[in-house]
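Trainee: One structure follows; several queries about it will come next.
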Amino acid sequence: MSKEICMQRALELANKAKGRTSPNPMVGAVIVKGYRIISEGYHKKAGTPHAEIVALKKAGNKAKDATMFVTLEPCCHTDKRTPPCTKAIIASGIKKVIIATNDPNPKVSGKGIKELRKAGIETEVGILRSEAKHLNESYNKFIIKKKPFVVLKIAQSLDGKIATAKGESKWITGKTARKHVHQLRNDLDAVLVGIGTVMKDDPSLDCRLRGGRDPYRIIVDSGLRIPLKSKVLGYSDNKTIIATTNKASKRKISQINTLGAKVLVIKSKSGMVNLKALMKELGKLDITGVMIEGGSSIASSAISSEIVDRVMFFVAPKIIGGTDSISSIGGKSPSLLGNAIKLKNLRAITIGDDILIEGYL
């Protein structure tokens with residue numbers, strides 16, 4: 001059994017908890033002895049045992065002289081709800097630990113590996129490193145910058161339109177693409193839209209997958225125009241956040257708070273919510289990943305504010321046409337083509353009848 005196969009299994013285990021571990025990373029672990037996996041585990045959610053501990057408990061005394069494969073460097077600090085994994089690994093008699101990637105958390109980074117080596121445990125780092133980093137891209141940004149990883153999602157026609165001139169937009173993409181978006185709502189902590197989307201569509205912003213988890217619902221509303229009967233204000237889970245500015249009515253703020261939603265008064269930029277400042281506030285709430293689903297205005301504001309990390313364009317094989325139809329990205333055009341935003345690590349796949357094009361900024 002190769003190292004890659006064992007680590008791939010650990011990554012599969014970690015992925016089972018997608019959308020459940022925030023603000024912690026997703027981690028999987030397998031313990032191998034005599035060319036076979038004798039136990040495995042993964043971190044299910046914050047506050048529960050880490051992957052290494054789950055695998056060690058299942059292995060029991062068989063862990064002695066075995067090899068552990070783990071997708072992230074084992075923790076070694078006590079500033080959290082669970083005890084350090086390094087001490088449990090050392091006590092178990094594990095002889096070798098193979099790690100996909102270092103933990104970027106300054107409290108751990110390199111220190112967990114150092115502690116294991118000091119105890120005489122052989123370590124190896126780097127097996128399926130890129131896959132492990134991609135799995136926890138939200139955590140990796142959050143733990144260093146204290147701001148969420150931001151995904152801009154757009155559903156558009158082949159000619160870059162998100163609605164007709166009359167505003168009709170349901171549905172440009174097919175059912176399979178829309179189901180994929182609900183999976184993203186399950187996977188990321190929050191979904192963000194502008195007040196224009198709420199006023200026009202009155203969306204629920206929920207996750208409609210069986211066993212799915214509803215995300216935080218963030219509404220960017222500089223003038224606090226949101227109707228009090230909006231669907232997003234009808235939840236009792238305290239996961240609706242309205243981001244506004246100091247021009248908002250204090251009476252309206254009080255009314256929204258009474259409905260169970262949280263109002264964040266964010267400093268303004270040109271009279272609008274400063275999106276960079278908003279990301280800092282969301283980081284303080286331990287929100288590690290945000291998907292922007294709004295219209296062309298919020299999309300252009302997010303890009304110009306430089307808060308977007310990844311874009312996902314769901315492109316339908318349709319042509320809407322018309323200079324009066326609505327383009328996916330609003331705002332002003334660059335004067336030169338050389339100033340256009342270039343994407344990195346581009347990927348394109350088919351999602352049902354549509355095409356998903358994604359890349360990083």
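The way I read the labels, and the way they are meant: chains A, B, ... in the order of the structure tokens, residue 1 as the first residue of every chain, and ligand 1 as the first ligand shown, with later ones counted on from there.
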Check which residues of region 155-239 of chain A sit at most 9 Å from region 281-305 of chain A using only C-alpha atoms, and return one row each with the closest pair of atoms and their distance in Å to one decimal, ordered by chain and rising number, as a tab-separated table.
Mentor:
```
residue	atom	partner	partner_atom	distance
A:Ala155	CA	A:Glu293	CA	8.9
A:Ile162	CA	A:Gly295	CA	7.8
A:Leu184	CA	A:Met291	CA	7.8
A:Arg185	CA	A:Met291	CA	7.5
A:Asp187	CA	A:Gly289	CA	8.6
A:Leu188	CA	A:Gly289	CA	5.1
A:Asp189	CA	A:Gly289	CA	5.2
A:Ala190	CA	A:Val290	CA	4.7
A:Val191	CA	A:Met291	CA	4.7
A:Leu192	CA	A:Ile292	CA	4.6
A:Val193	CA	A:Gly294	CA	4.2
A:Gly194	CA	A:Gly294	CA	5.6
A:Ile195	CA	A:Gly294	CA	8.6
A:Gly196	CA	A:Gly295	CA	7.6
A:Thr197	CA	A:Gly294	CA	6.1
A:Tyr216	CA	A:Ile287	CA	8.5
A:Val220	CA	A:Ile298	CA	8.5
```
Trainee: Pick out the residues sitting within 9 Å of Glu131 (chain A), and hand them over as a count of residues only; count only C-alpha atoms, and ignore anything fewer than 3 positions along from it in its own chain.
Mentor: 7
Trainee: Any idea what's packed within 10 Å of Lys141 (chain A), counting only C-alpha atoms, ignoring anything in its chain fewer than 3 positions away? Could you give it as a PyMOL selection string?
Mentor: chain A and resi 104-105+136-138+144-150+288-289+309
Trainee: Identify which of the residues A:Met7, A:Ile218, A:Leu356, A:Leu264 lies closest to Pro203 (chain A), counting only C-alpha atoms when measuring atom-to-atom distances.
Mentor: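 For Pro203 (chain A), the nearest of the candidates is A:Ile218.
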Trainee: Please, what distance in Å, to one decimal, runs between CA of Arg208 (chain A) and CA of Val181 (chain A)?
Mentor: 9.9 Å
Trainee: Rounded to one decimal in Å, what is the spacing between CA of Asn186 (chain A) and CA of Gly19 (chain A)?
Mentor: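 For CA of Asn186 (chain A) relative to CA of Gly19 (chain A), the distance reads 5.8 Å.
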Trainee: Which neighbours of region 171-176 of chain A fall inside 9 Å, counting only C-alpha atoms, when residues of the same chain fewer than 4 positions from it are skipped, and could you give them as a ChimeraX atom specification?
Mentor: /A:155-157,162-163,180-181,314-318,351-354
Trainee: I need the chosen residues saved as a CSV table (one decimal), in the first residue's frame, with all heavy atoms.
Mentor:
```
chain,number,residue,atom,x,y,z
A,155,ALA,N,-23.8,32.9,-12.0
A,155,ALA,CA,-24.5,32.1,-13.0
A,155,ALA,C,-24.8,33.0,-14.2
A,155,ALA,O,-25.6,34.0,-14.0
A,155,ALA,CB,-25.7,31.5,-12.4
A,156,GLN,N,-24.3,32.7,-15.3
A,156,GLN,CA,-24.5,33.6,-16.5
A,156,GLN,C,-24.7,32.8,-17.8
A,156,GLN,O,-24.5,31.6,-17.9
A,156,GLN,CB,-23.2,34.5,-16.6
A,156,GLN,CG,-22.0,33.7,-17.0
A,156,GLN,CD,-20.8,34.6,-17.3
A,156,GLN,OE1,-20.6,35.6,-16.6
A,156,GLN,NE2,-20.0,34.3,-18.3
A,157,SER,N,-25.1,33.5,-18.8
A,157,SER,CA,-25.3,33.0,-20.1
A,157,SER,C,-23.9,32.9,-20.8
A,157,SER,O,-22.9,33.5,-20.3
A,157,SER,CB,-26.2,33.8,-20.9
A,157,SER,OG,-25.7,35.1,-21.1
A,162,ILE,N,-26.6,37.9,-16.8
A,162,ILE,CA,-27.2,37.3,-15.6
A,162,ILE,C,-28.7,37.5,-15.5
A,162,ILE,O,-29.4,36.9,-14.7
A,162,ILE,CB,-26.5,37.7,-14.3
A,162,ILE,CG1,-26.7,39.2,-14.1
A,162,ILE,CG2,-25.1,37.3,-14.2
A,162,ILE,CD1,-26.3,39.7,-12.7
A,163,ALA,N,-29.2,38.4,-16.4
A,163,ALA,CA,-30.6,38.6,-16.5
A,163,ALA,C,-31.0,39.3,-17.8
A,163,ALA,O,-30.1,40.0,-18.4
A,163,ALA,CB,-31.1,39.5,-15.3
A,180,HIS,N,-25.3,22.2,-7.2
A,180,HIS,CA,-23.9,22.4,-6.8
A,180,HIS,C,-23.7,23.6,-6.0
A,180,HIS,O,-22.9,23.6,-5.0
A,180,HIS,CB,-23.0,22.5,-8.1
A,180,HIS,CG,-21.6,22.4,-7.9
A,180,HIS,ND1,-20.9,21.2,-7.9
A,180,HIS,CD2,-20.6,23.4,-7.7
A,180,HIS,CE1,-19.6,21.5,-7.7
A,180,HIS,NE2,-19.4,22.8,-7.5
A,181,VAL,N,-24.5,24.7,-6.3
A,181,VAL,CA,-24.4,25.9,-5.5
A,181,VAL,C,-24.9,25.6,-4.1
A,181,VAL,O,-24.4,26.2,-3.1
A,181,VAL,CB,-25.2,27.0,-6.2
A,181,VAL,CG1,-25.4,28.2,-5.3
A,181,VAL,CG2,-24.5,27.4,-7.5
A,314,PHE,N,-20.6,29.8,-13.5
A,314,PHE,CA,-21.5,28.7,-14.0
A,314,PHE,C,-22.0,29.3,-15.3
A,314,PHE,O,-22.9,30.2,-15.3
A,314,PHE,CB,-22.6,28.3,-13.0
A,314,PHE,CG,-22.0,27.6,-11.8
A,314,PHE,CD1,-21.6,28.4,-10.7
A,314,PHE,CD2,-22.0,26.3,-11.7
A,314,PHE,CE1,-21.1,27.7,-9.6
A,314,PHE,CE2,-21.5,25.6,-10.6
A,314,PHE,CZ,-21.1,26.4,-9.5
A,315,VAL,N,-21.6,28.8,-16.4
A,315,VAL,CA,-22.0,29.3,-17.7
A,315,VAL,C,-22.9,28.4,-18.4
A,315,VAL,O,-22.7,27.2,-18.7
A,315,VAL,CB,-20.7,29.5,-18.6
A,315,VAL,CG1,-21.1,30.1,-20.0
A,315,VAL,CG2,-19.7,30.4,-17.9
A,316,ALA,N,-24.1,28.9,-18.7
A,316,ALA,CA,-25.2,28.1,-19.4
A,316,ALA,C,-25.0,28.3,-21.0
A,316,ALA,O,-24.6,29.3,-21.4
A,316,ALA,CB,-26.5,28.6,-19.0
A,317,PRO,N,-25.3,27.2,-21.7
A,317,PRO,CA,-25.2,27.3,-23.2
A,317,PRO,C,-26.4,28.1,-23.8
A,317,PRO,O,-27.2,27.5,-24.5
A,317,PRO,CB,-25.2,25.8,-23.6
A,317,PRO,CG,-26.0,25.2,-22.5
A,317,PRO,CD,-25.7,25.9,-21.3
A,318,LYS,N,-26.5,29.3,-23.4
A,318,LYS,CA,-27.6,30.2,-23.8
A,318,LYS,C,-27.0,31.6,-24.2
A,318,LYS,O,-26.0,32.0,-23.6
A,318,LYS,CB,-28.7,30.4,-22.7
A,318,LYS,CG,-29.3,29.2,-22.2
A,318,LYS,CD,-30.2,29.5,-21.0
A,318,LYS,CE,-30.8,28.2,-20.4
A,318,LYS,NZ,-31.6,28.5,-19.2
A,351,ILE,N,-21.0,20.8,-15.6
A,351,ILE,CA,-21.9,20.5,-14.5
A,351,ILE,C,-23.3,20.4,-15.1
A,351,ILE,O,-24.0,21.4,-15.4
A,351,ILE,CB,-21.9,21.7,-13.5
A,351,ILE,CG1,-20.5,22.0,-12.9
A,351,ILE,CG2,-22.9,21.4,-12.3
A,351,ILE,CD1,-20.0,21.0,-11.9
A,352,GLY,N,-23.7,19.2,-15.4
A,352,GLY,CA,-24.9,18.9,-16.1
A,352,GLY,C,-24.8,19.5,-17.5
A,352,GLY,O,-23.8,19.1,-18.2
A,353,ASP,N,-25.7,20.4,-17.9
A,353,ASP,CA,-25.6,21.0,-19.2
A,353,ASP,C,-24.8,22.3,-19.3
A,353,ASP,O,-24.6,22.9,-20.3
A,353,ASP,CB,-27.1,21.3,-19.7
A,353,ASP,CG,-27.9,20.1,-20.0
A,353,ASP,OD1,-27.3,19.1,-20.3
A,353,ASP,OD2,-29.1,20.2,-19.8
A,354,ASP,N,-24.3,22.7,-18.1
A,354,ASP,CA,-23.6,23.9,-18.0
A,354,ASP,C,-22.1,23.7,-17.8
A,354,ASP,O,-21.6,22.5,-17.6
A,354,ASP,CB,-24.1,24.7,-16.8
A,354,ASP,CG,-25.6,24.9,-16.9
A,354,ASP,OD1,-26.0,25.5,-17.9
A,354,ASP,OD2,-26.3,24.6,-15.9
```
Trainee: With distances taken over only C-alpha atoms, which residue among A:Leu361, A:Ala243, A:Leu205, A:Ala177 lies nearest Arg217 (chain A)?
Mentor: A:Leu205
Trainee: Extract the full set of strand (DSSP E) residues from region 14-78 of chain A according to DSSP on the backbone, and format it as a list of chain:residue names.
Mentor: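 Assigned to strand (DSSP E), within region 14-78 of chain A: A:Gly28, A:Ala29, A:Val30, A:Ile31, A:Val32, A:Lys33, A:Arg36, A:Ile37, A:Ile38, A:Ser39, A:Glu40, A:Gly41, A:Tyr42, A:Thr67, A:Met68, A:Phe69, A:Val70.
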Trainee: Show which residues sit within 7 Å of region 68-80 of chain A, as a short mmCIF file (atom, residue, chain, number, x, y, z; two decimals) with C-alpha atoms, in the first residue's frame. Count only C-alpha atoms, and ignore same-chain residues fewer than 5 positions away.
Mentor:
```
data_model
loop_
_atom_site.label_atom_id
_atom_site.label_comp_id
_atom_site.auth_asym_id
_atom_site.auth_seq_id
_atom_site.Cartn_x
_atom_site.Cartn_y
_atom_site.Cartn_z
CA CYS A 6 -2.94 6.02 2.52
CA MET A 7 -2.86 9.81 2.45
CA ALA A 10 -6.99 10.37 5.05
CA LEU A 11 -8.05 13.24 2.76
CA VAL A 27 -8.37 16.72 9.19
CA GLY A 28 -8.28 12.99 8.51
CA ALA A 29 -5.94 10.32 9.88
CA VAL A 30 -5.24 6.65 9.20
CA ILE A 31 -2.96 4.28 11.10
CA VAL A 32 -1.15 1.63 9.10
CA CYS A 85 -2.51 15.59 19.68
CA THR A 86 1.28 15.36 19.79
CA LYS A 96 6.37 7.27 12.31
CA VAL A 97 4.03 10.10 11.36
CA ILE A 98 3.56 11.07 7.71
CA ILE A 99 2.03 14.52 7.32
CA ALA A 100 0.52 16.05 4.17
CA THR A 101 1.22 19.67 5.08
CA ASN A 102 2.25 21.99 7.91
CA ASP A 103 -0.41 23.80 9.93
CA LYS A 107 0.75 28.26 17.48
CA VAL A 108 1.46 25.00 15.68
CA LYS A 111 6.26 23.07 16.44
CA GLY A 112 4.14 19.91 16.28
CA ILE A 113 6.65 18.21 13.99
CA ALA A 132 -4.32 19.01 1.57
#
```
Trainee: Would you mind writing down, as a PyMOL selection string, each residue of region 22-244 of chain A that DSSP on the backbone assigns to alpha helix (DSSP H)?
Mentor: chain A and resi 51-59+85-92+111-118+129-135+137-145+175-187+195-201
Trainee: So that I can see what lies close to Ala261 (chain A), please list as an NGL selection string the residues with an atom at most 10 Å from it, counting only C-alpha atoms and leaving out residues fewer than 3 positions away in the same chain.
Mentor: :A and (217-218 or 232-242 or 253-258 or 264)
Trainee: Report, in Å to a single decimal, how far apart CA of Thr67 (chain A) and CA of Ala119 (chain A) are.
Mentor: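 These two atoms are separated by 14.9 Å.
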Trainee: Quick one: everything within 8 Å of Lys58 (chain A), counting only C-alpha atoms, minus sequence neighbours fewer than 2 positions away in the same chain. Send it as a list in words.
Mentor: Ser39, Glu40, Val54, Ala55, Leu56 and Gly60 of chain A
